[in-house]
$ cat protein.json   # JSON, C-alpha atoms
[["chain", "number", "residue", "atom", "x", "y", "z"],
["A", 1, "MET", "CA", 26.66, 44.64, -8.88],
["A", 2, "GLU", "CA", 25.95, 42.93, -12.17],
["A", 3, "THR", "CA", 28.27, 40.01, -11.42],
["A", 4, "GLN", "CA", 26.49, 39.40, -8.13],
["A", 5, "LEU", "CA", 23.17, 39.27, -9.98],
["A", 6, "ASN", "CA", 24.57, 36.80, -12.53],
["A", 7, "ASP", "CA", 25.99, 34.62, -9.74],
["A", 8, "PHE", "CA", 22.58, 34.58, -8.06],
["A", 9, "LYS", "CA", 20.85, 33.51, -11.29],
["A", 10, "ALA", "CA", 23.38, 30.72, -11.82],
["A", 11, "ASP", "CA", 22.90, 29.42, -8.27],
["A", 12, "GLU", "CA", 19.11, 29.56, -8.61],
["A", 13, "THR", "CA", 19.21, 27.65, -11.90],
["A", 14, "HIS", "CA", 21.51, 25.02, -10.41],
["A", 15, "THR", "CA", 19.20, 24.34, -7.45],
["A", 16, "THR", "CA", 16.18, 24.17, -9.74],
["A", 17, "VAL", "CA", 17.77, 21.60, -12.03],
["A", 18, "THR", "CA", 19.14, 19.35, -9.28],
["A", 19, "ASN", "CA", 16.01, 19.41, -7.10],
["A", 20, "THR", "CA", 13.76, 17.15, -9.20],
["A", 21, "GLU", "CA", 12.31, 15.03, -6.37],
["A", 22, "THR", "CA", 8.90, 16.50, -5.64],
["A", 23, "PRO", "CA", 6.07, 15.00, -3.58],
["A", 24, "GLU", "CA", 3.96, 14.59, -6.73],
["A", 25, "LEU", "CA", 6.73, 12.66, -8.46],
["A", 26, "ALA", "CA", 7.26, 10.44, -5.42],
["A", 27, "LYS", "CA", 3.53, 9.69, -5.25],
["A", 28, "ARG", "CA", 3.44, 8.87, -8.95],
["A", 29, "ARG", "CA", 6.40, 6.50, -8.53],
["A", 30, "ARG", "CA", 4.73, 4.71, -5.61],
["A", 31, "ILE", "CA", 1.55, 4.23, -7.65],
["A", 32, "GLY", "CA", 3.61, 3.08, -10.64],
["A", 33, "ILE", "CA", 5.53, 0.50, -8.61],
["A", 34, "PHE", "CA", 2.23, -0.81, -7.21],
["A", 35, "MET", "CA", 0.79, -1.07, -10.73],
["A", 36, "VAL", "CA", 3.89, -2.94, -11.95],
["A", 37, "ALA", "CA", 3.62, -5.40, -9.05],
["A", 38, "VAL", "CA", -0.09, -6.06, -9.59],
["A", 39, "GLY", "CA", 0.41, -6.34, -13.36],
["A", 40, "ALA", "CA", 3.24, -8.84, -12.97],
["A", 41, "PHE", "CA", 1.15, -10.88, -10.53],
["A", 42, "LEU", "CA", -1.81, -10.93, -12.94],
["A", 43, "CYS", "CA", 0.42, -11.99, -15.83],
["A", 44, "ILE", "CA", 1.90, -14.87, -13.85],
["A", 45, "PHE", "CA", -1.51, -15.81, -12.42],
["A", 46, "GLY", "CA", -3.12, -15.77, -15.87],
["A", 47, "PHE", "CA", -0.34, -17.92, -17.27],
["A", 48, "LEU", "CA", -0.64, -20.50, -14.48],
["A", 49, "ILE", "CA", -4.43, -20.65, -14.74],
["A", 50, "THR", "CA", -4.15, -21.06, -18.51],
["A", 51, "LEU", "CA", -1.79, -24.00, -18.05],
["A", 52, "PHE", "CA", -4.10, -25.57, -15.49],
["A", 53, "LEU", "CA", -7.15, -25.16, -17.72],
["A", 54, "LEU", "CA", -5.29, -26.59, -20.71],
["A", 55, "GLN", "CA", -4.46, -29.72, -18.72],
["A", 56, "HIS", "CA", -8.15, -30.21, -17.91],
["A", 57, "GLU", "CA", -9.32, -29.34, -21.43],
["A", 58, "ALA", "CA", -11.49, -26.47, -20.20],
["A", 59, "ASN", "CA", -12.17, -23.07, -21.75],
["A", 60, "PHE", "CA", -9.09, -20.95, -21.09],
["A", 61, "ASN", "CA", -10.03, -17.81, -23.03],
["A", 62, "PHE", "CA", -10.81, -15.66, -19.99],
["A", 63, "ALA", "CA", -7.60, -16.55, -18.18],
["A", 64, "LEU", "CA", -5.46, -16.17, -21.28],
["A", 65, "TYR", "CA", -6.94, -12.98, -22.69],
["A", 66, "GLY", "CA", -8.55, -11.42, -19.63],
["A", 67, "ALA", "CA", -6.15, -11.79, -16.73],
["A", 68, "THR", "CA", -2.95, -11.79, -18.76],
["A", 69, "GLY", "CA", -4.09, -8.93, -21.00],
["A", 70, "PHE", "CA", -5.16, -6.79, -18.06],
["A", 71, "GLY", "CA", -1.92, -7.63, -16.25],
["A", 72, "GLY", "CA", 0.13, -6.60, -19.28],
["A", 73, "THR", "CA", -1.78, -3.34, -19.52],
["A", 74, "LEU", "CA", -1.19, -2.58, -15.84],
["A", 75, "LEU", "CA", 2.46, -3.53, -16.21],
["A", 76, "LEU", "CA", 2.94, -1.13, -19.11],
["A", 77, "GLY", "CA", 1.00, 1.66, -17.40],
["A", 78, "GLY", "CA", 3.04, 1.23, -14.25],
["A", 79, "MET", "CA", 6.30, 1.43, -16.18],
["A", 80, "VAL", "CA", 5.12, 4.66, -17.81],
["A", 81, "ALA", "CA", 4.28, 6.09, -14.39],
["A", 82, "VAL", "CA", 7.63, 5.06, -12.89],
["A", 83, "LEU", "CA", 9.77, 6.24, -15.78],
["A", 84, "GLY", "CA", 7.67, 9.31, -16.30]]
$ encode --input "protein.json" --output "structure tokens"
Amino acid sequence: METQLNDFKADETHTTVTNTETPELAKRRRIGIFMVAVGAFLCIFGFLITLFLLQHEANFNFALYGATGFGGTLLLGGMVAVLG
């Protein structure tokens, strides 16, 4: 009787450890991947706008610090959400 109980506990522990994909985790990953994509786009967009504004000798502070900084923040936050 006791061995059957121990076998049941071992099987229950095994299924708990291997079943890590939950709906909440999947939703968090989807949001994280979206944040990484938007952050990467903003970083590239901010870089290109900064280059364009430098060529025309205009004020590039917003593009350099605003778009690229916000994109980097989203990129980092998205990686945290994906990696968990």
$ atom_distance --input "protein.json" --atom1 "atom CA of Tyr65 of chain A" --atom2 "atom CA of Gly77 of chain A"
17.5 Å
$ atom_distance --input "protein.json" --atom1 "atom CA of Met79 of chain A" --atom2 "atom CA of Ala40 of chain A"
11.2 Å
$ closest_residue --input "protein.json" --among "A:Phe62, A:Phe52, A:Phe47, A:Phe41" --to "Leu74 of chain A" --atoms "all atoms listed in the file"
A:Phe41
$ atom_distance --input "protein.json" --atom1 "atom CA of Arg28 of chain A" --atom2 "atom CA of Ala81 of chain A"
6.2 Å
$ residues_around --input "protein.json" --residues "Phe45 of chain A" --least-positions-apart "5" --cutoff "10 Å" --atoms "all atoms listed in the file" --output "ChimeraX atom specification"
/A:39-40,50-51,63-64,67-68,71
$ closest_residue --input "protein.json" --among "A:Leu53, A:Val80, A:Leu48, A:Ala58" --to "Val36 of chain A" --atoms "all atoms listed in the file"
A:Val80
$ build_atoms --input "protein.json" --residues "segment 68-79 of chain A" --atoms "N, CA and C atoms" --output "JSON list (two decimals), in the frame of the given file"
[["chain", "number", "residue", "atom", "x", "y", "z"],
["A", 68, "THR", "N", -4.28, -12.10, -18.24],
["A", 68, "THR", "CA", -2.95, -11.79, -18.76],
["A", 68, "THR", "C", -2.95, -10.47, -19.52],
["A", 69, "GLY", "N", -4.00, -10.20, -20.27],
["A", 69, "GLY", "CA", -4.09, -8.93, -21.00],
["A", 69, "GLY", "C", -4.20, -7.74, -20.06],
["A", 70, "PHE", "N", -5.03, -7.87, -19.04],
["A", 70, "PHE", "CA", -5.16, -6.79, -18.06],
["A", 70, "PHE", "C", -3.87, -6.60, -17.28],
["A", 71, "GLY", "N", -3.21, -7.71, -16.95],
["A", 71, "GLY", "CA", -1.92, -7.63, -16.25],
["A", 71, "GLY", "C", -0.86, -6.95, -17.09],
["A", 72, "GLY", "N", -0.83, -7.25, -18.38],
["A", 72, "GLY", "CA", 0.13, -6.60, -19.28],
["A", 72, "GLY", "C", -0.14, -5.11, -19.41],
["A", 73, "THR", "N", -1.42, -4.75, -19.44],
["A", 73, "THR", "CA", -1.78, -3.34, -19.52],
["A", 73, "THR", "C", -1.36, -2.60, -18.24],
["A", 74, "LEU", "N", -1.62, -3.20, -17.09],
["A", 74, "LEU", "CA", -1.19, -2.58, -15.84],
["A", 74, "LEU", "C", 0.33, -2.49, -15.75],
["A", 75, "LEU", "N", 1.00, -3.51, -16.23],
["A", 75, "LEU", "CA", 2.46, -3.53, -16.21],
["A", 75, "LEU", "C", 3.01, -2.38, -17.05],
["A", 76, "LEU", "N", 2.49, -2.21, -18.23],
["A", 76, "LEU", "CA", 2.94, -1.13, -19.11],
["A", 76, "LEU", "C", 2.60, 0.24, -18.54],
["A", 77, "GLY", "N", 1.39, 0.39, -18.01],
["A", 77, "GLY", "CA", 1.00, 1.66, -17.40],
["A", 77, "GLY", "C", 1.84, 2.01, -16.19],
["A", 78, "GLY", "N", 2.18, 1.00, -15.41],
["A", 78, "GLY", "CA", 3.04, 1.23, -14.25],
["A", 78, "GLY", "C", 4.44, 1.65, -14.65],
["A", 79, "MET", "N", 4.96, 1.04, -15.72],
["A", 79, "MET", "CA", 6.30, 1.43, -16.18],
["A", 79, "MET", "C", 6.30, 2.87, -16.69]]
